[in-house]
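S.K.: Handing over data_35.cif, mmCIF, C-alpha atoms.
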```
data_model
loop_
_atom_site.label_atom_id
_atom_site.label_comp_id
_atom_site.auth_asym_id
_atom_site.auth_seq_id
_atom_site.Cartn_x
_atom_site.Cartn_y
_atom_site.Cartn_z
CA MET A 1 -18.25 19.60 -10.27
CA HIS A 2 -17.65 20.06 -6.57
CA ARG A 3 -17.52 16.86 -4.53
CA PHE A 4 -18.79 16.40 -0.96
CA PHE A 5 -18.95 13.52 1.48
CA VAL A 6 -22.36 13.22 3.13
CA ASP A 7 -24.10 10.81 5.46
CA PRO A 8 -25.69 7.97 3.42
CA GLU A 9 -29.06 8.85 4.98
CA CYS A 10 -28.98 12.17 3.11
CA ILE A 11 -29.57 10.28 -0.15
CA ARG A 12 -33.05 8.73 -0.40
CA GLU A 13 -33.63 7.01 -3.74
CA ASN A 14 -33.62 9.94 -6.18
CA SER A 15 -33.90 12.82 -3.73
CA VAL A 16 -31.21 14.48 -1.62
CA SER A 17 -31.36 16.67 1.48
CA VAL A 18 -28.09 17.81 3.04
CA GLY A 19 -27.48 20.20 5.95
CA GLY A 20 -24.58 21.06 8.22
CA SER A 21 -21.14 22.11 7.01
CA VAL A 22 -21.72 20.89 3.45
CA ALA A 23 -24.71 23.22 3.03
CA ARG A 24 -22.81 26.15 4.58
CA GLN A 25 -19.80 25.60 2.32
CA ALA A 26 -21.95 25.24 -0.80
CA ALA A 27 -24.01 28.35 -0.08
CA ARG A 28 -21.58 30.75 1.57
CA VAL A 29 -18.14 29.76 0.28
CA LEU A 30 -18.78 28.28 -3.16
CA ARG A 31 -21.98 30.30 -3.74
CA LEU A 32 -23.66 27.50 -5.64
CA ARG A 33 -27.06 28.21 -7.18
CA PRO A 34 -30.15 26.14 -8.01
CA GLY A 35 -29.69 24.36 -11.32
CA GLU A 36 -26.01 23.61 -10.73
CA SER A 37 -24.80 20.06 -10.17
CA VAL A 38 -22.53 18.55 -7.54
CA VAL A 39 -21.20 15.06 -6.80
CA LEU A 40 -22.14 13.58 -3.44
CA LEU A 41 -20.20 10.68 -1.92
CA ASP A 42 -21.36 8.35 0.86
CA ASN A 43 -18.05 6.50 1.41
CA THR A 44 -19.42 3.26 -0.04
CA GLY A 45 -17.61 3.61 -3.37
CA TRP A 46 -20.61 5.18 -5.13
CA GLU A 47 -20.92 8.69 -6.55
CA TYR A 48 -24.18 10.57 -7.04
CA VAL A 49 -24.48 13.40 -9.52
CA VAL A 50 -27.09 15.73 -8.01
CA ARG A 51 -28.88 18.70 -9.59
CA LEU A 52 -29.54 21.30 -6.90
CA ASP A 53 -33.13 22.51 -6.63
CA SER A 54 -32.66 24.79 -3.61
CA VAL A 55 -29.55 26.13 -1.87
CA SER A 56 -29.27 27.76 1.53
CA ALA A 57 -26.74 27.79 4.35
CA SER A 58 -28.96 25.43 6.32
CA ARG A 59 -30.06 22.97 3.64
CA LEU A 60 -29.35 21.72 0.12
CA GLU A 61 -32.18 20.00 -1.73
CA GLY A 62 -31.80 18.24 -5.05
CA ALA A 63 -32.44 15.27 -7.32
CA VAL A 64 -30.07 12.44 -8.24
CA GLU A 65 -29.40 12.54 -11.98
CA GLU A 66 -26.85 9.72 -12.08
CA SER A 67 -25.46 7.02 -9.80
CA ARG A 68 -22.11 5.48 -10.67
CA ARG A 69 -19.25 3.54 -9.19
CA GLY A 70 -16.29 5.75 -8.34
CA GLN A 71 -13.37 5.50 -10.73
CA GLY A 72 -10.64 7.23 -8.73
CA ASP A 73 -9.83 4.62 -6.11
CA PRO A 74 -6.69 2.50 -6.60
CA GLY A 75 -6.78 -1.11 -7.71
CA ILE A 76 -4.19 -2.14 -5.13
CA VAL A 77 -4.32 -1.99 -1.34
CA LEU A 78 -1.40 0.02 0.03
CA THR A 79 -1.10 0.52 3.78
CA LEU A 80 1.39 3.03 5.14
CA TYR A 81 2.69 2.28 8.62
CA GLN A 82 4.11 5.71 9.35
CA GLY A 83 6.41 6.34 12.27
CA VAL A 84 4.80 9.15 14.24
CA LEU A 85 6.00 12.55 13.06
CA LYS A 86 5.45 16.07 14.30
CA SER A 87 1.86 17.08 13.65
CA ASP A 88 2.31 19.18 10.50
CA LYS A 89 4.56 16.58 8.89
CA LEU A 90 2.13 13.76 9.62
CA GLU A 91 -0.68 15.83 8.15
CA THR A 92 1.35 16.25 4.96
CA ALA A 93 1.83 12.49 4.74
CA LEU A 94 -1.91 11.91 5.22
CA GLN A 95 -2.99 14.48 2.65
CA LYS A 96 -0.50 13.67 -0.09
CA GLY A 97 -0.67 9.94 0.56
CA THR A 98 -4.42 10.06 0.01
CA GLU A 99 -3.91 11.87 -3.29
CA LEU A 100 -1.46 9.18 -4.40
CA GLY A 101 -3.78 6.30 -3.54
CA VAL A 102 -2.82 5.07 -0.08
CA SER A 103 -5.66 2.88 1.21
CA ALA A 104 -4.87 2.98 4.93
CA PHE A 105 -2.65 4.85 7.36
CA VAL A 106 -1.46 3.49 10.69
CA PRO A 107 0.54 5.82 13.00
CA MET A 108 3.36 3.81 14.52
CA VAL A 109 5.36 4.59 17.65
CA CYS A 110 8.96 3.47 17.29
CA ARG A 111 11.96 3.62 19.62
CA ARG A 112 13.10 6.95 18.19
CA SER A 113 9.63 8.49 18.13
CA GLU A 114 9.21 11.61 20.21
CA ALA A 115 5.57 10.69 20.93
CA ARG A 116 4.63 7.92 23.32
CA LEU A 117 1.41 5.91 23.55
CA THR A 118 -0.12 7.54 26.60
CA ARG A 119 -3.84 7.34 27.35
CA GLY A 120 -5.75 9.57 24.97
CA TRP A 121 -2.76 10.17 22.70
CA GLY A 122 -3.95 11.60 19.43
CA SER A 123 -7.63 11.74 20.46
CA ALA A 124 -7.71 15.51 20.05
CA LYS A 125 -6.10 15.24 16.62
CA TYR A 126 -7.99 12.34 15.07
CA ASN A 127 -11.02 14.40 14.04
CA ARG A 128 -8.73 16.85 12.29
CA TRP A 129 -6.79 14.05 10.63
CA ARG A 130 -10.01 12.46 9.38
CA ARG A 131 -11.13 15.80 7.94
CA ILE A 132 -7.81 16.06 6.11
CA LEU A 133 -8.34 12.57 4.66
CA ALA A 134 -11.91 13.37 3.59
CA GLU A 135 -10.94 16.65 1.93
CA ALA A 136 -8.02 15.04 0.10
CA THR A 137 -10.31 12.24 -1.06
CA GLU A 138 -12.83 14.75 -2.43
CA GLN A 139 -10.11 16.78 -4.15
CA SER A 140 -8.37 13.82 -5.75
CA GLY A 141 -11.47 12.20 -7.25
CA ARG A 142 -11.53 9.18 -4.97
CA SER A 143 -14.76 7.79 -3.54
CA LEU A 144 -13.51 5.96 -0.45
CA ILE A 145 -11.84 7.75 2.46
CA PRO A 146 -8.64 5.94 3.50
CA TYR A 147 -8.78 4.08 6.77
CA LEU A 148 -6.99 5.78 9.67
CA GLY A 149 -5.98 3.20 12.23
CA PRO A 150 -5.32 3.67 15.93
CA PRO A 151 -1.71 4.33 16.91
CA MET A 152 0.30 1.16 17.36
CA ALA A 153 3.56 0.30 18.98
CA TRP A 154 6.20 -0.94 16.54
CA GLN A 155 5.86 -4.60 17.56
CA GLN A 156 2.07 -4.45 17.16
CA ALA A 157 2.37 -3.01 13.66
CA LEU A 158 4.89 -5.66 12.69
CA ALA A 159 2.49 -8.43 13.74
CA PHE A 160 -0.56 -6.74 12.20
CA ALA A 161 0.72 -5.87 8.70
CA GLY A 162 -0.10 -8.12 5.76
CA GLY A 163 0.66 -8.55 2.08
CA VAL A 164 4.11 -7.73 0.74
CA ARG A 165 5.94 -5.97 3.57
CA LEU A 166 8.70 -3.47 2.82
CA MET A 167 10.71 -1.45 5.34
CA ALA A 168 12.56 1.69 4.26
CA TRP A 169 15.93 1.93 6.00
CA GLU A 170 18.84 4.19 5.20
CA GLY A 171 21.29 2.31 7.43
CA ASP A 172 23.35 3.94 10.16
CA PRO A 173 26.63 5.41 8.91
CA ASP A 174 28.75 3.03 10.98
CA GLU A 175 26.86 0.02 9.64
CA ARG A 176 27.14 0.72 5.93
CA GLY A 177 29.26 -1.96 4.38
CA SER A 178 28.66 -4.29 7.33
CA GLU A 179 26.46 -7.35 7.14
CA ASN A 180 23.43 -5.29 8.18
CA GLY A 181 24.02 -2.37 5.86
CA GLY A 182 24.86 -4.56 2.87
CA ALA A 183 21.77 -6.76 3.23
CA ARG A 184 19.29 -4.18 2.02
CA THR A 185 17.47 -4.84 -1.23
CA GLY A 186 17.06 -2.01 -3.71
CA PHE A 187 13.52 -0.66 -3.57
CA LYS A 188 13.06 -0.91 -7.34
CA GLU A 189 14.12 -4.55 -7.33
CA ALA A 190 11.82 -5.36 -4.41
CA VAL A 191 8.79 -3.74 -6.05
CA GLN A 192 9.31 -5.13 -9.54
CA GLY A 193 10.02 -8.61 -8.17
CA ASN A 194 6.80 -8.59 -6.12
CA ILE A 195 4.44 -6.58 -8.30
CA GLU A 196 2.03 -9.46 -8.98
CA ARG A 197 1.83 -10.27 -5.27
CA ILE A 198 1.30 -6.57 -4.55
CA ARG A 199 -1.61 -6.51 -6.98
CA ALA A 200 -3.13 -9.64 -5.47
CA GLU A 201 -2.30 -9.29 -1.75
CA GLY A 202 -1.56 -5.60 -1.21
CA VAL A 203 1.55 -4.02 0.26
CA SER A 204 2.50 -2.68 3.68
CA LEU A 205 5.16 0.03 3.87
CA PHE A 206 7.07 0.70 7.08
CA VAL A 207 8.54 4.19 7.33
CA GLY A 208 10.32 5.44 10.43
CA PRO A 209 9.89 8.67 12.41
CA GLU A 210 12.37 11.53 12.55
CA GLY A 211 15.66 9.75 13.13
CA GLY A 212 14.50 6.59 11.35
CA PHE A 213 14.45 3.03 12.65
CA ASP A 214 17.17 1.80 14.94
CA ALA A 215 19.25 -1.31 14.20
CA ASP A 216 17.25 -3.50 16.61
CA GLU A 217 14.00 -2.66 14.84
CA VAL A 218 15.59 -3.54 11.52
CA GLU A 219 16.67 -6.94 12.83
CA GLU A 220 13.21 -7.53 14.32
CA ALA A 221 11.67 -6.73 10.95
CA ARG A 222 13.97 -9.13 9.13
CA ALA A 223 13.23 -11.88 11.64
CA ALA A 224 9.50 -11.36 10.95
CA GLY A 225 10.02 -11.74 7.18
CA VAL A 226 9.87 -8.05 6.25
CA GLU A 227 12.07 -7.07 3.30
CA VAL A 228 14.38 -4.19 4.24
CA VAL A 229 14.90 -1.86 1.28
CA GLY A 230 17.15 1.07 0.47
CA LEU A 231 15.85 4.15 -1.35
CA GLY A 232 19.02 5.16 -3.14
CA ARG A 233 21.88 7.42 -2.21
CA ARG A 234 19.82 10.27 -0.79
CA ILE A 235 18.34 10.39 2.69
CA LEU A 236 14.60 11.14 2.64
CA ARG A 237 12.67 12.70 5.50
CA GLY A 238 10.02 10.70 7.30
CA GLU A 239 7.18 12.56 5.58
CA THR A 240 8.82 12.14 2.16
CA ALA A 241 9.89 8.49 2.15
CA GLY A 242 6.41 6.97 2.33
CA LEU A 243 5.10 9.28 -0.39
CA ALA A 244 8.01 8.44 -2.69
CA MET A 245 7.48 4.71 -2.13
CA ALA A 246 3.73 4.96 -2.68
CA ALA A 247 4.19 6.90 -5.94
CA ALA A 248 6.72 4.38 -7.25
CA ILE A 249 4.47 1.43 -6.44
CA MET A 250 1.47 3.12 -8.07
CA TYR A 251 3.58 3.71 -11.17
CA GLU A 252 4.71 0.09 -11.37
CA ALA A 253 1.13 -1.11 -10.86
CA GLY A 254 -0.13 1.07 -13.72
CA GLU A 255 -2.07 3.39 -11.42
CA LEU A 256 -0.43 6.59 -12.71
CA GLY A 257 -1.72 6.32 -16.24
CA GLY A 258 -1.26 3.19 -18.35
#
```
Transcribe the structure of this file into structure tokens.
M.R.:
Amino acid sequence: MHRFFVDPECIRENSVSVGGSVARQAARVLRLRPGESVVLLDNTGWEYVVRLDSVSASRLEGAVEESRRGQGDPGIVLTLYQGVLKSDKLETALQKGTELGVSAFVPMVCRRSEARLTRGWGSAKYNRWRRILAEATEQSGRSLIPYLGPPMAWQQALAFAGGVRLMAWEGDPDERGSENGGARTGFKEAVQGNIERIRAEGVSLFVGPEGGFDADEVEEARAAGVEVVGLGRRILRGETAGLAMAAAIMYEAGELGG
């Protein structure tokens, strides 16, 4: 069944009345007909199976046949503090991260970020980004849209993040083998050693922008108690690293089947 987010006021006890873009999509794009059923979501964690009684581009009317708690949301809280990327790459991270089970996204401006926190930064893009999150939530069977936080400077994000905190860092070539480069923990070791804390307290992942974190940011993270981790012998792009980390954590937590 097709899934749509709607305003909670559209659902009144056992009756439903929905207009706007949802009605237009259902009638004109999906060509739904009376008698068919859809799942409506109100972003509270509940799902409503609705039998459609009338369908038009201006209004859907129907009756609630079943109310149930959503089953697709993850059992752990994973927040991705993503160094700001170019728009299309950030959109990929938002979409695919939602599919994997990321609970919250916080754009983060780092020293190597091309973007800077000027007044109104991102305001024109946030509506689009929220639509991407909503559509990915519908598609992936989740019932709660991930939180999209306001952009933060690196130091703000460092102070704000909670739970188990892991920072992906590849190390600069001239630092590998030095005290800094050799102090990284393997990502697998860090996750497996903290998996019970991750289940109980959640996890915050720090991923840098294009160009990664600089050495000063790494030292600031360590001083704040963040565990700096390496992701193996390959260098991952900014839009790939967070997704790889999220998938691995979901696997270890039993969120990818079993």
S.K.: Would you kindly translate the PyMOL selection byres ((chain A and resi 86) around 9) into the concrete residues it picks from this file, as a list of chain:residue names?
M.R.: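 After applying the PyMOL selection byres ((chain A and resi 86) around 9), what remains is A:Val84, A:Leu85, A:Ser87, A:Asp88, A:Lys89, A:Leu90, A:Glu91, A:Glu114, A:Ala115, A:Pro209, A:Glu210.
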S.K.: Store the residues picked out above in a file with C-alpha atoms, as a PDB file, in the coordinates of the input.
M.R.:
```pdb
ATOM      1  CA  VAL A  84       4.800   9.150  14.240  1.00  0.00           C
ATOM      2  CA  LEU A  85       6.000  12.550  13.060  1.00  0.00           C
ATOM      3  CA  SER A  87       1.860  17.080  13.650  1.00  0.00           C
ATOM      4  CA  ASP A  88       2.310  19.180  10.500  1.00  0.00           C
ATOM      5  CA  LYS A  89       4.560  16.580   8.890  1.00  0.00           C
ATOM      6  CA  LEU A  90       2.130  13.760   9.620  1.00  0.00           C
ATOM      7  CA  GLU A  91      -0.680  15.830   8.150  1.00  0.00           C
ATOM      8  CA  GLU A 114       9.210  11.610  20.210  1.00  0.00           C
ATOM      9  CA  ALA A 115       5.570  10.690  20.930  1.00  0.00           C
ATOM     10  CA  PRO A 209       9.890   8.670  12.410  1.00  0.00           C
ATOM     11  CA  GLU A 210      12.370  11.530  12.550  1.00  0.00           C
TER      12      GLU A 210
END
```
S.K.: Within 6 Å of (-5.2, 7.6, 9.3), all atoms listed in the file: residues as a tab-separated table (two decimals) with C-alpha atoms, keeping the file's coordinate frame?
M.R.:
```tsv
chain	number	residue	atom	x	y	z
A	105	PHE	CA	-2.65	4.85	7.36
A	106	VAL	CA	-1.46	3.49	10.69
A	147	TYR	CA	-8.78	4.08	6.77
A	148	LEU	CA	-6.99	5.78	9.67
A	149	GLY	CA	-5.98	3.20	12.23
```
S.K.: Here is a test: counting only C-alpha atoms, which residue of A:Gly202, A:Gly212, A:Pro74, A:Gly162 is nearest to Thr98 (chain A)?
M.R.: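 Smallest separation from Thr98 (chain A) among the options: A:Pro74.
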S.K.: Would you list the residues near (-16.9, 4.6, -4.8), meaning any protein, DNA or RNA residue with an atom at most 9 Å from that point in file coordinates, counting all atoms listed in the file, as a list of chain:residue names?
M.R.: A:Leu41, A:Asp42, A:Asn43, A:Thr44, A:Gly45, A:Trp46, A:Glu47, A:Arg68, A:Arg69, A:Gly70, A:Gln71, A:Gly72, A:Asp73, A:Arg142, A:Ser143, A:Leu144
S.K.: For C-alpha atoms, I'd like the residues from the last selection saved as a PDB file, in the coordinates of the input.
M.R.:
```pdb
ATOM      1  CA  LEU A  41     -20.200  10.680  -1.920  1.00  0.00           C
ATOM      2  CA  ASP A  42     -21.360   8.350   0.860  1.00  0.00           C
ATOM      3  CA  ASN A  43     -18.050   6.500   1.410  1.00  0.00           C
ATOM      4  CA  THR A  44     -19.420   3.260  -0.040  1.00  0.00           C
ATOM      5  CA  GLY A  45     -17.610   3.610  -3.370  1.00  0.00           C
ATOM      6  CA  TRP A  46     -20.610   5.180  -5.130  1.00  0.00           C
ATOM      7  CA  GLU A  47     -20.920   8.690  -6.550  1.00  0.00           C
ATOM      8  CA  ARG A  68     -22.110   5.480 -10.670  1.00  0.00           C
ATOM      9  CA  ARG A  69     -19.250   3.540  -9.190  1.00  0.00           C
ATOM     10  CA  GLY A  70     -16.290   5.750  -8.340  1.00  0.00           C
ATOM     11  CA  GLN A  71     -13.370   5.500 -10.730  1.00  0.00           C
ATOM     12  CA  GLY A  72     -10.640   7.230  -8.730  1.00  0.00           C
ATOM     13  CA  ASP A  73      -9.830   4.620  -6.110  1.00  0.00           C
ATOM     14  CA  ARG A 142     -11.530   9.180  -4.970  1.00  0.00           C
ATOM     15  CA  SER A 143     -14.760   7.790  -3.540  1.00  0.00           C
ATOM     16  CA  LEU A 144     -13.510   5.960  -0.450  1.00  0.00           C
TER      17      LEU A 144
END
```
S.K.: From the list A:Ser54, A:Gln139, A:Ser67, A:Asn194, which residue is nearest Asn14 (chain A) when using only C-alpha atoms?
M.R.: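 Of the candidates, the smallest distance to Asn14 (chain A) is held by A:Ser67.
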S.K.: What does the distance between CA of Val102 (chain A) and CA of Glu9 (chain A) come to in Å, to one decimal place?
M.R.: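 CA of Glu9 (chain A) lies at a distance of 27.0 Å from CA of Val102 (chain A).
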S.K.: Enter the distance from CA of Val203 (chain A) to CA of Met245 (chain A), in Å, rounded to one decimal.
M.R.: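 Between CA of Val203 (chain A) and CA of Met245 (chain A) the gap is 10.8 Å.
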S.K.: Please, what distance in Å, to one decimal, runs between CA of Arg237 (chain A) and CA of Glu196 (chain A)?
M.R.: 28.5 Å
S.K.: I need the residue set behind the PyMOL selection byres ((chain A and resi 256) around 12) for this file; please write it as JSON, numbers by chain.
M.R.: {"A": [72, 73, 74, 75, 99, 100, 101, 246, 247, 248, 249, 250, 251, 252, 253, 254, 255, 257, 258]}
S.K.: Rank nothing, just name the residue among A:Ile145, A:Leu32, A:Val228, A:Ile132 nearest to Ser103 (chain A), using only C-alpha atoms.
M.R.: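 Answer, going by the shortest atom-to-atom distance: A:Ile145.
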S.K.: Name the residues that the PyMOL selection byres ((chain A and resi 25) around 12) picks from the file above, as a ChimeraX atom specification, using the file's chain letters and numbers.
M.R.: /A:2-4,18-24,26-32,55-60
S.K.: Can those selected residues be exported to a file as a tab-separated table (two decimals), in the coordinates of the input so that it contains C-alpha atoms?
M.R.:
```tsv
chain	number	residue	atom	x	y	z
A	2	HIS	CA	-17.65	20.06	-6.57
A	3	ARG	CA	-17.52	16.86	-4.53
A	4	PHE	CA	-18.79	16.40	-0.96
A	18	VAL	CA	-28.09	17.81	3.04
A	19	GLY	CA	-27.48	20.20	5.95
A	20	GLY	CA	-24.58	21.06	8.22
A	21	SER	CA	-21.14	22.11	7.01
A	22	VAL	CA	-21.72	20.89	3.45
A	23	ALA	CA	-24.71	23.22	3.03
A	24	ARG	CA	-22.81	26.15	4.58
A	26	ALA	CA	-21.95	25.24	-0.80
A	27	ALA	CA	-24.01	28.35	-0.08
A	28	ARG	CA	-21.58	30.75	1.57
A	29	VAL	CA	-18.14	29.76	0.28
A	30	LEU	CA	-18.78	28.28	-3.16
A	31	ARG	CA	-21.98	30.30	-3.74
A	32	LEU	CA	-23.66	27.50	-5.64
A	55	VAL	CA	-29.55	26.13	-1.87
A	56	SER	CA	-29.27	27.76	1.53
A	57	ALA	CA	-26.74	27.79	4.35
A	58	SER	CA	-28.96	25.43	6.32
A	59	ARG	CA	-30.06	22.97	3.64
A	60	LEU	CA	-29.35	21.72	0.12
```
S.K.: Which is closest to Glu170 (chain A) among A:Leu231, A:Gly225, A:Gly193, A:Asp216, if we use all atoms listed in the file?
M.R.: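 Using all atoms listed in the file, the shortest distance to Glu170 (chain A) belongs to A:Leu231.
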S.K.: Find, counting all atoms listed in the file, the residue in A:Gly83, A:Pro151, A:Gly62, A:Gly232 that gets nearest to Ala244 (chain A).
M.R.: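 Answer, going by the shortest atom-to-atom distance: A:Gly232.
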S.K.: A:Met108, A:Val77, A:Gln82, A:Pro150: which is nearest Ser123 (chain A), counting only C-alpha atoms?
M.R.: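 Closest candidate: A:Pro150.
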S.K.: Within 10 Å of Glu217 (chain A), counting all atoms listed in the file, which residues qualify if same-chain residues fewer than 2 places away don't, as a CSV table (one decimal) with C-alpha atoms, keeping the file's coordinate frame?
M.R.:
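Result written to selection33.csv:
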```
chain,number,residue,atom,x,y,z
A,110,CYS,CA,9.0,3.5,17.3
A,111,ARG,CA,12.0,3.6,19.6
A,154,TRP,CA,6.2,-0.9,16.5
A,155,GLN,CA,5.9,-4.6,17.6
A,158,LEU,CA,4.9,-5.7,12.7
A,208,GLY,CA,10.3,5.4,10.4
A,212,GLY,CA,14.5,6.6,11.4
A,213,PHE,CA,14.4,3.0,12.6
A,214,ASP,CA,17.2,1.8,14.9
A,215,ALA,CA,19.2,-1.3,14.2
A,219,GLU,CA,16.7,-6.9,12.8
A,220,GLU,CA,13.2,-7.5,14.3
A,221,ALA,CA,11.7,-6.7,11.0
A,222,ARG,CA,14.0,-9.1,9.1
A,223,ALA,CA,13.2,-11.9,11.6
```
S.K.: Compile the contact shell of Val164 (chain A) as a PyMOL selection string: residues with an atom at most 9 Å away, counting all atoms listed in the file, same-chain residues fewer than 5 positions apart removed.
M.R.: chain A and resi 194+197-198+201-205+226-227
